[in-house]
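Source file entry_16.txt; content: compact mmCIF, C-alpha atoms.
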```txt
# COMPACT_ATOMS: atom_id res chain seq x y z
CA MET A 484 -2.32 10.89 -76.29
CA SER A 485 -2.93 13.44 -79.06
CA THR A 486 -4.25 16.94 -78.70
CA GLN A 487 -6.60 18.37 -81.32
CA ALA A 488 -5.99 21.93 -82.46
CA ALA A 489 -8.82 24.30 -81.63
CA PRO A 490 -10.98 25.04 -84.67
CA PRO A 491 -10.80 28.52 -86.20
CA GLY A 492 -13.01 31.01 -84.38
CA ALA A 493 -12.85 29.09 -81.13
CA ALA A 494 -10.29 31.43 -79.53
CA SER A 495 -11.13 32.59 -76.03
CA PHE A 496 -12.50 36.10 -75.53
CA SER A 497 -11.83 38.53 -72.71
CA PRO A 498 -14.67 38.69 -70.17
CA TRP A 499 -16.82 41.81 -70.32
CA PRO A 500 -15.56 43.12 -66.95
CA ALA A 501 -12.04 43.15 -68.46
CA VAL A 502 -13.33 45.14 -71.43
CA ALA A 503 -15.05 47.58 -69.07
CA GLY A 504 -11.83 47.95 -67.07
CA ALA A 505 -9.83 48.72 -70.24
CA VAL A 506 -12.41 51.32 -71.30
CA ALA A 507 -12.30 52.93 -67.85
CA LEU A 508 -8.49 53.05 -67.95
CA LEU A 509 -8.50 54.71 -71.36
CA THR A 510 -11.12 57.22 -70.19
CA VAL A 511 -9.04 58.18 -67.17
CA THR A 512 -5.92 58.44 -69.34
CA ILE A 513 -7.46 60.80 -71.90
CA SER A 514 -8.95 62.89 -69.09
CA LEU A 515 -5.54 63.23 -67.44
CA LEU A 516 -3.92 64.17 -70.76
CA LEU A 517 -6.54 66.85 -71.41
CA THR A 518 -6.21 68.23 -67.89
CA ALA A 519 -2.41 68.27 -68.00
CA PHE A 520 -2.14 70.11 -71.30
CA ALA A 521 -5.28 72.29 -71.35
CA TRP A 522 -5.63 73.40 -67.72
CA PRO A 523 -2.53 75.66 -67.67
CA SER A 524 -3.64 77.37 -70.90
CA VAL A 525 -7.29 77.77 -69.95
CA ARG A 526 -6.43 79.21 -66.52
CA SER A 527 -3.52 81.32 -67.77
CA SER A 528 -3.71 84.95 -66.66
CA VAL A 529 -1.55 87.85 -65.52
CA HIS A 530 -0.76 87.55 -61.81
CA ASP A 531 2.30 88.67 -59.85
CA VAL A 532 4.17 89.44 -63.08
CA PRO A 533 7.24 91.50 -62.14
CA ILE A 534 7.42 94.89 -63.88
CA ALA A 535 9.13 98.19 -63.16
CA VAL A 536 7.56 101.64 -62.95
CA ALA A 537 9.88 104.61 -63.40
CA GLY A 538 9.19 108.19 -62.43
CA PRO A 539 8.43 110.53 -59.53
CA ALA A 540 7.16 108.76 -56.41
CA PRO A 541 3.66 110.33 -56.43
CA ALA A 542 3.10 109.41 -60.07
CA VAL A 543 4.38 105.88 -59.50
CA LYS A 544 2.05 105.33 -56.54
CA GLN A 545 -0.90 106.68 -58.50
CA LEU A 546 -0.18 104.37 -61.43
CA THR A 547 0.33 101.38 -59.12
CA ALA A 548 -3.13 102.01 -57.67
CA VAL A 549 -4.58 102.15 -61.19
CA LEU A 550 -2.91 98.85 -62.07
CA ASP A 551 -4.28 97.22 -58.90
CA ARG A 552 -7.79 98.35 -59.78
CA ARG A 553 -7.63 97.17 -63.36
CA LEU A 554 -5.80 93.90 -62.69
CA PRO A 555 -5.85 93.00 -58.98
CA ASP A 556 -2.66 91.13 -58.04
CA GLY A 557 -1.68 91.23 -61.70
CA PHE A 558 1.72 92.86 -61.29
CA GLU A 559 4.55 92.92 -58.80
CA VAL A 560 5.85 96.49 -59.16
CA THR A 561 9.44 97.60 -58.61
CA GLU A 562 9.81 101.37 -58.31
CA VAL A 563 12.83 102.94 -60.02
CA ALA A 564 13.92 106.51 -60.64
CA ASP A 565 14.22 106.63 -64.41
CA ALA A 566 13.96 104.75 -67.70
CA ALA A 567 17.63 103.73 -67.67
CA ALA A 568 17.17 101.85 -64.38
CA ALA A 569 14.02 100.18 -65.70
CA GLU A 570 15.78 99.09 -68.89
CA GLN A 571 18.63 97.58 -66.88
CA LEU A 572 16.17 95.49 -64.86
CA ILE A 573 14.62 94.26 -68.11
CA ARG A 574 17.98 93.29 -69.61
CA ASP A 575 18.92 91.50 -66.37
CA ARG A 576 15.60 89.57 -66.53
CA LYS A 577 14.52 90.93 -63.16
CA VAL A 578 11.29 92.25 -64.70
CA TYR A 579 9.35 91.50 -67.90
CA GLY A 580 8.73 95.13 -68.82
CA ALA A 581 8.31 98.64 -67.50
CA ILE A 582 6.13 101.74 -67.58
CA ASP A 583 8.13 104.94 -67.71
CA LEU A 584 6.54 108.07 -66.22
CA SER A 585 9.77 110.06 -65.95
CA SER A 586 9.16 111.99 -69.17
CA GLY A 587 6.15 113.98 -70.28
CA THR A 588 4.36 111.04 -71.87
CA PRO A 589 4.00 107.54 -70.36
CA GLN A 590 5.98 104.94 -72.24
CA VAL A 591 5.57 101.18 -72.06
CA ILE A 592 8.84 99.28 -72.43
CA THR A 593 8.49 95.58 -73.20
CA ALA A 594 10.76 92.60 -73.92
CA SER A 595 8.88 90.25 -76.23
CA ALA A 596 11.89 87.92 -76.23
CA GLY A 597 11.27 87.35 -72.53
CA SER A 598 7.56 86.70 -73.03
CA ALA A 599 5.46 87.76 -75.99
CA ALA A 600 2.32 87.15 -73.91
CA VAL A 601 3.38 89.55 -71.16
CA ALA A 602 4.48 92.13 -73.74
CA GLN A 603 1.06 91.94 -75.36
CA ALA A 604 -0.67 92.30 -71.99
CA LEU A 605 1.39 95.40 -71.17
CA ASN A 606 0.73 96.96 -74.56
CA THR A 607 -3.00 96.32 -74.19
CA LEU A 608 -2.92 97.82 -70.72
CA ALA A 609 -1.09 100.89 -71.99
CA THR A 610 -4.00 101.94 -74.19
CA GLY A 611 -6.08 102.66 -71.09
CA LEU A 612 -3.45 104.41 -68.98
CA THR A 613 -4.31 107.88 -67.74
CA LYS A 614 -1.83 110.41 -69.04
CA PRO A 615 -0.33 112.92 -66.63
CA PRO A 616 -1.66 116.49 -66.65
CA GLY A 617 -0.43 118.51 -69.60
CA ALA A 618 0.39 115.50 -71.80
CA ASN A 619 -1.21 115.77 -75.20
CA THR A 620 0.19 112.73 -76.98
CA GLU A 621 -0.69 109.07 -76.87
CA VAL A 622 1.10 106.52 -74.73
CA THR A 623 4.01 105.05 -76.67
CA ALA A 624 5.36 101.52 -76.63
CA ARG A 625 8.90 100.27 -77.23
CA ASP A 626 10.21 96.70 -77.47
CA LEU A 627 13.61 96.77 -75.78
CA VAL A 628 14.47 93.09 -76.38
CA PRO A 629 12.46 91.98 -79.42
CA LEU A 630 12.11 88.51 -80.85
CA PRO A 631 13.94 87.86 -84.14
CA ALA A 632 12.38 89.36 -87.25
CA ASP A 633 12.11 85.88 -88.83
CA ASP A 634 9.99 84.64 -85.91
CA PRO A 635 8.32 87.68 -84.32
CA ARG A 636 5.76 85.58 -82.41
CA GLY A 637 8.31 83.21 -80.90
CA ALA A 638 6.52 80.21 -82.41
CA GLY A 639 9.69 78.18 -82.94
CA LEU A 640 10.86 78.54 -79.37
CA ALA A 641 7.45 77.61 -77.98
CA ALA A 642 7.13 74.63 -80.31
CA ALA A 643 10.59 73.33 -79.36
CA ALA A 644 9.58 72.60 -75.76
CA LEU A 645 7.94 69.22 -76.39
CA PRO A 646 10.56 67.90 -78.88
CA LEU A 647 13.29 68.57 -76.31
CA VAL A 648 11.39 66.49 -73.76
CA MET A 649 10.71 63.72 -76.27
CA GLY A 650 14.38 63.68 -77.26
CA GLY A 651 15.31 62.93 -73.68
CA LEU A 652 12.67 60.21 -73.40
CA LEU A 653 13.76 58.57 -76.66
CA THR A 654 17.31 58.46 -75.34
CA ALA A 655 16.17 56.61 -72.23
CA LEU A 656 14.01 54.27 -74.30
CA LEU A 657 16.36 53.39 -77.16
CA LEU A 658 19.86 53.46 -75.68
CA PRO A 659 19.32 50.41 -73.41
CA ARG A 660 18.15 48.47 -76.47
CA LEU A 661 20.91 49.62 -78.81
CA VAL A 662 23.93 49.88 -76.50
CA ARG A 663 25.31 47.39 -74.00
CA GLY A 664 27.19 48.33 -70.86
CA SER A 665 26.34 50.96 -68.26
CA ALA A 666 29.34 53.17 -69.00
CA HIS A 667 28.66 53.01 -72.74
CA ARG A 668 25.04 54.04 -72.21
CA ILE A 669 25.98 57.01 -70.02
CA ILE A 670 28.56 58.17 -72.55
CA GLY A 671 26.03 57.64 -75.33
CA ALA A 672 23.45 59.77 -73.49
CA PHE A 673 25.92 62.63 -73.04
CA ALA A 674 27.11 62.34 -76.64
CA PHE A 675 23.54 62.52 -77.95
CA ALA A 676 22.83 65.53 -75.74
CA ILE A 677 25.76 67.33 -77.36
CA THR A 678 24.96 66.37 -80.95
CA GLY A 679 21.24 66.92 -80.36
CA GLY A 680 21.97 70.35 -78.90
CA LEU A 681 24.05 71.30 -81.93
CA ALA A 682 21.35 70.08 -84.33
CA VAL A 683 18.35 71.65 -82.56
CA ALA A 684 20.09 74.99 -82.04
CA ALA A 685 21.15 75.05 -85.69
CA ILE A 686 17.57 74.43 -86.87
CA LEU A 687 16.10 77.05 -84.53
CA GLN A 688 18.76 79.67 -85.20
CA PHE A 689 19.83 79.27 -88.83
CA TRP A 690 16.73 77.76 -90.43
CA PHE A 691 13.72 79.00 -88.45
CA GLY A 692 15.37 82.22 -87.29
CA SER A 693 13.91 81.79 -83.80
CA LEU A 694 17.13 82.42 -81.84
CA ASP A 695 19.72 85.17 -81.69
CA GLY A 696 23.03 85.38 -79.88
CA SER A 697 25.81 82.82 -79.70
CA TYR A 698 25.08 79.54 -81.46
CA TRP A 699 27.43 77.69 -79.13
CA ALA A 700 25.75 79.05 -76.00
CA ASN A 701 22.34 78.15 -77.41
CA SER A 702 23.58 74.65 -78.26
CA ALA A 703 24.87 74.23 -74.72
CA ALA A 704 21.48 75.27 -73.30
CA VAL A 705 19.69 72.68 -75.44
CA ALA A 706 22.27 70.00 -74.63
CA LEU A 707 21.95 70.56 -70.89
CA THR A 708 18.16 70.32 -71.13
CA VAL A 709 18.26 67.06 -73.11
CA ALA A 710 20.93 65.58 -70.83
CA ALA A 711 18.97 66.42 -67.67
CA THR A 712 15.82 64.82 -69.08
CA SER A 713 17.43 61.70 -70.51
CA LEU A 714 19.68 60.96 -67.51
CA THR A 715 16.79 61.41 -65.08
CA VAL A 716 14.59 58.95 -66.93
CA LEU A 717 17.49 56.56 -67.53
CA GLY A 718 18.29 56.62 -63.82
CA LEU A 719 14.70 55.96 -62.77
CA ALA A 720 14.42 53.13 -65.30
CA SER A 721 17.69 51.60 -64.13
CA LEU A 722 16.54 51.62 -60.52
CA LEU A 723 12.82 50.79 -60.90
CA GLY A 724 12.51 49.17 -64.33
CA TYR A 725 9.44 49.88 -66.43
CA ALA A 726 7.75 51.63 -63.50
CA GLY A 727 10.69 54.05 -63.29
CA PHE A 728 10.50 54.82 -66.99
CA GLY A 729 6.77 55.48 -66.68
CA LEU A 730 7.32 57.73 -63.66
CA GLY A 731 10.00 59.71 -65.47
CA ALA A 732 7.95 60.03 -68.66
CA ALA A 733 4.87 61.19 -66.75
CA THR A 734 6.90 63.74 -64.78
CA MET A 735 8.47 65.24 -67.89
CA VAL A 736 5.53 65.08 -70.31
CA LEU A 737 2.41 65.42 -68.15
CA ILE A 738 3.81 67.79 -65.51
CA GLY A 739 7.03 69.38 -66.70
CA ASN A 740 6.04 70.27 -70.27
CA PRO A 741 2.60 71.85 -69.61
CA LEU A 742 3.93 73.76 -66.60
CA SER A 743 7.14 74.96 -68.29
CA GLY A 744 5.66 78.36 -69.18
CA THR A 745 7.77 78.40 -72.35
CA ALA A 746 4.92 79.59 -74.56
CA THR A 747 3.81 82.36 -72.16
CA ALA A 748 5.57 82.95 -68.82
CA PRO A 749 5.68 80.98 -65.56
CA GLU A 750 3.93 83.84 -63.76
CA MET A 751 0.94 83.52 -66.08
CA LEU A 752 0.25 79.91 -65.10
CA PRO A 753 -2.37 79.26 -62.41
CA GLY A 754 -1.41 79.23 -58.75
CA TRP A 755 1.82 77.52 -57.80
CA SER A 756 2.12 75.59 -61.07
CA GLY A 757 4.52 78.06 -62.69
CA THR A 758 6.93 77.82 -59.76
CA LEU A 759 6.79 74.03 -59.87
CA GLY A 760 7.41 74.02 -63.60
CA GLN A 761 10.63 76.00 -63.20
CA LEU A 762 11.98 73.28 -60.90
CA LEU A 763 11.63 70.62 -63.60
CA PRO A 764 13.89 70.20 -66.67
CA PRO A 765 11.36 71.41 -69.31
CA GLY A 766 10.67 74.68 -67.48
CA ALA A 767 14.28 75.33 -66.54
CA GLY A 768 15.41 74.48 -70.06
CA GLY A 769 12.85 76.77 -71.66
CA ARG A 770 13.86 79.69 -69.46
CA LEU A 771 17.54 79.03 -70.11
CA LEU A 772 16.88 79.03 -73.85
CA ARG A 773 15.49 82.56 -73.55
CA SER A 774 18.34 83.82 -71.39
CA THR A 775 21.20 82.67 -73.63
CA PRO A 776 20.09 84.04 -77.02
CA PHE A 777 18.33 87.26 -76.00
CA PHE A 778 19.64 88.42 -72.59
CA ASN A 779 23.37 87.57 -72.76
CA GLY A 780 22.96 84.83 -70.18
CA HIS A 781 21.39 87.02 -67.48
CA ASP A 782 19.19 85.03 -65.08
CA ALA A 783 20.63 81.77 -66.44
CA THR A 784 22.18 80.65 -63.14
CA HIS A 785 18.97 79.36 -61.56
CA SER A 786 17.94 77.40 -64.65
CA ALA A 787 21.40 75.92 -65.17
CA THR A 788 21.54 74.90 -61.51
CA VAL A 789 18.18 73.13 -61.71
CA LEU A 790 19.19 71.25 -64.86
CA THR A 791 22.57 70.27 -63.41
CA ALA A 792 20.88 68.99 -60.25
CA TRP A 793 18.52 66.76 -62.27
CA LEU A 794 21.40 65.53 -64.43
CA THR A 795 23.44 64.65 -61.34
CA LEU A 796 20.48 62.94 -59.66
CA GLY A 797 19.80 60.88 -62.78
CA THR A 798 23.43 59.80 -63.03
CA VAL A 799 23.48 58.74 -59.38
CA LEU A 800 20.25 56.79 -59.80
CA TYR A 801 21.60 55.07 -62.90
CA VAL A 802 24.81 54.05 -61.17
CA ALA A 803 22.84 52.80 -58.15
CA GLY A 804 20.55 50.78 -60.39
CA SER A 805 23.50 49.31 -62.27
CA LEU A 806 25.26 48.22 -59.09
CA ARG A 807 22.37 46.35 -57.59
CA THR A 808 20.69 43.21 -58.86
CA ARG A 809 17.83 44.17 -61.14
CA PRO A 810 14.80 42.09 -62.09
CA THR A 811 14.73 40.50 -65.51
CA GLY A 812 12.10 42.94 -66.78
CA SER A 813 14.13 46.08 -66.13
CA VAL A 814 13.94 48.55 -68.98
CA THR A 815 17.68 49.11 -68.99
CA ASN A 816 18.45 45.41 -69.23
CA THR A 817 15.89 44.25 -71.74
CA VAL A 818 18.05 42.68 -74.43
CA ALA A 819 16.64 40.18 -76.86
CA GLN A 820 18.20 36.82 -76.25
CA PRO A 821 18.24 34.04 -78.85
CA ALA A 822 15.75 31.29 -78.12
CA LYS A 823 17.25 28.13 -76.69
CA GLN A 824 16.95 25.11 -78.91
CA THR A 825 15.51 21.99 -77.37
CA THR A 826 17.08 18.75 -78.39
CA ILE A 827 15.13 15.55 -78.34
```

Let me see the file written as structure tokens.
Amino acid sequence: MSTQAAPPGAASFSPWPAVAGAVALLTVTISLLLTAFAWPSVRSSVHDVPIAVAGPAPAVKQLTAVLDRRLPDGFEVTEVADAAAAEQLIRDRKVYGAIDLSSGTPQVITASAGSAAVAQALNTLATGLTKPPGANTEVTARDLVPLPADDPRGAGLAAAALPLVMGGLLTALLLPRLVRGSAHRIIGAFAFAITGGLAVAAILQFWFGSLDGSYWANSAAVALTVAATSLTVLGLASLLGYAGFGLGAATMVLIGNPLSGTATAPEMLPGWSGTLGQLLPPGAGGRLLRSTPFFNGHDATHSATVLTAWLTLGTVLYVAGSLRTRPTGSVTNTVAQPAKQTTI
């Protein structure tokens, strides 16, 4: 019995309900993407940003009241005795800036390397500050920890956030297809994190001029961020297959990257989102990459701990996935096999 080939143009078409379903899925997807990336920026504002105010207690209380009236819940004020104490808090990354009332003229002390957005907000606020009685000069501003002269807006550091995430995702996507063996893949992921950290830090520091400080410390910060991202996604993919890879990618790209606060500051993101972002690799990595080049590693412990925890969790998940029987479609086991020849 012979079978006639279908004539050209006679191919079956998808039913219209299937087309409508695909359109609906795409609509939901683009809406989620827009919400994930635009919502933090649109709703970004100054709230509970830690700053210091130095000076006599009556003057500090008066200024704090003025700040509360102008920006309700905008700042979390720490009272200190003098400018030296305020500067130490800034260098330790306990506060983003300070207002010094200990001398005759109010002075705004900022750290644009910690957050250019917060520094700009403080400088704008300073223009409207009421000077103490007897002061006849304008409020002055001083950048205690400035961004590098080659990148005064911090554009390179802000732009590096997404490539670091994508580097981790590409590791989880490509290594299982290029490298065989669980141990070899883990070693490959760590090796890429190191070489990727060296390369990215070199570009940011020596080409773009976006980083200061120790090149090796900056490379280590990048490497830890890439390793935490890649091992987490690799572990989820090893345990759950394609669903695990999708879960890891969505967590890092749709949640972690927009909520990282790298371009502004976690405290400027709406509601609880900034706190959540600092518990994910993109946010912790972004904060670490400000601490190492500009603040001599101060406030790096929390970020390094978060990244190490994710790295460890990803490694455990990967080992668990490798030890159990995985379905054929697992991302980490998809290896092209030669087609079997049929003999007649």

Looking at only C-alpha atoms, which of A:Pro765, A:Thr518, A:Arg773, A:Ile669 is the one that sits closest to Leu630 (chain A)?
-> A:Arg773

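Across A:Ala711, A:Leu652, A:Val705, A:Ala638, the tightest approach to Ala732 (chain A) is made by A:Leu652 when counting only C-alpha atoms.
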
Which residues of region 491-570 of chain A have any atom within 9 Å of an atom in region 751-755 of chain A when counting all atoms listed in the file, and what is the closest pair of atoms for each, with the distance in Å to one decimal? Order the rows by chain and rising number and write it as JSON lines.
```
{"residue": "A:Trp522", "atom": "CA", "partner": "A:Pro753", "partner_atom": "CA", "distance": 8.6}
{"residue": "A:Pro523", "atom": "CA", "partner": "A:Leu752", "partner_atom": "CA", "distance": 5.7}
{"residue": "A:Ser524", "atom": "CA", "partner": "A:Leu752", "partner_atom": "CA", "distance": 7.4}
{"residue": "A:Arg526", "atom": "CA", "partner": "A:Pro753", "partner_atom": "CA", "distance": 5.8}
{"residue": "A:Ser527", "atom": "CA", "partner": "A:Leu752", "partner_atom": "CA", "distance": 4.8}
{"residue": "A:Ser528", "atom": "CA", "partner": "A:Met751", "partner_atom": "CA", "distance": 4.9}
{"residue": "A:Val529", "atom": "CA", "partner": "A:Met751", "partner_atom": "CA", "distance": 5.0}
{"residue": "A:His530", "atom": "CA", "partner": "A:Met751", "partner_atom": "CA", "distance": 6.1}
{"residue": "A:Asp531", "atom": "CA", "partner": "A:Met751", "partner_atom": "CA", "distance": 8.2}
{"residue": "A:Val532", "atom": "CA", "partner": "A:Met751", "partner_atom": "CA", "distance": 7.4}
```

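For the pair CA of Ala720 (chain A) and CA of Val511 (chain A), the separation is 24.1 Å.
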
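For the choices A:Leu717, A:Ala700, A:Ala748, A:Lys577, the atom-to-atom distance to Ala604 (chain A) is smallest for A:Ala748 when using all atoms listed in the file.
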
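Counting from CA of Gly651 (chain A), the distance to CA of Trp793 (chain A) is 12.5 Å.
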
Can you write out as JSON lines which residues of region 578-688 of chain A fall within 9 Å of region 552-563 of chain A, alongside each residue's closest atom pair and its distance in Å to one decimal, counting only C-alpha atoms and ordering rows by chain and ascending residue number?
```
{"residue": "A:Val578", "atom": "CA", "partner": "A:Thr561", "partner_atom": "CA", "distance": 8.3}
{"residue": "A:Ala581", "atom": "CA", "partner": "A:Val560", "partner_atom": "CA", "distance": 9.0}
{"residue": "A:Leu608", "atom": "CA", "partner": "A:Arg553", "partner_atom": "CA", "distance": 8.8}
```

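For region 661-666 of chain A, the non-local neighbours within 12 Å, defined as residues at least 2 positions apart in the same chain or in other chains and counting only C-alpha atoms, are Leu653, Thr654, Ala655, Leu656, Leu657, Leu658, Pro659, Arg668, Ile669, Ile670, Gly671, Ala672, Phe673, Leu717, Gly718, Ser721, Thr798, Leu800, Tyr801, Val802, Ala803, Gly804, Ser805, Leu806, Thr815, Asn816, Thr817, Val818 and Ala819 of chain A.
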
Each region 677-727 of chain A residue no farther than 10 Å from region 589-599 of chain A, nearest pair in Å, only C-alpha atoms, as a tab-separated table:
```
residue	atom	partner	partner_atom	distance
A:Ser693	CA	A:Ala596	CA	9.9
A:Leu694	CA	A:Ala596	CA	9.4
A:Asp695	CA	A:Ala596	CA	9.9
```

Would you list the contacts of Thr678 (chain A) as a ChimeraX atom specification, taking every protein, DNA or RNA residue within 12 Å and counting all atoms listed in the file, but skipping same-chain residues closer than 3 positions in sequence?
-> /A:650,671-675,681-685,699,702-703,705-707,709-710

In Å to one decimal, how far is CA of Leu516 (chain A) from CA of Pro498 (chain A)?
-> 27.7 Å

If we count all atoms listed in the file, what is near Thr708 (chain A) at a cut-off of 7 Å, once residues fewer than 3 positions away on the same chain are taken out, given as a CSV table (one decimal) with C-alpha atoms, in the coordinates of the input?
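Done, and the output landed in around-v1.csv:
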```csv
chain,number,residue,atom,x,y,z
A,704,ALA,CA,21.5,75.3,-73.3
A,705,VAL,CA,19.7,72.7,-75.4
A,711,ALA,CA,19.0,66.4,-67.7
A,712,THR,CA,15.8,64.8,-69.1
A,764,PRO,CA,13.9,70.2,-66.7
A,768,GLY,CA,15.4,74.5,-70.1
A,790,LEU,CA,19.2,71.2,-64.9
```

Which is closest to Gly757 (chain A) among A:Gly769, A:Asp782, A:Ser697, A:Gly744, if we use all atoms listed in the file?
-> A:Gly744

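For the choices A:Ala624, A:Ala746, A:Ala566, A:Leu714, the atom-to-atom distance to Arg636 (chain A) is smallest for A:Ala746 when using only C-alpha atoms.
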
Output, as AutoDock Vina command-line options, the centre and edge lengths in Å (one decimal) of the axis-aligned box that contains all listed atoms of region 555-569 of chain A with 8 Å of margin on each side.
```
--center_x 5.9 --center_y 98.9 --center_z -62.9 --size_x 39.5 --size_y 31.5 --size_z 25.7
```
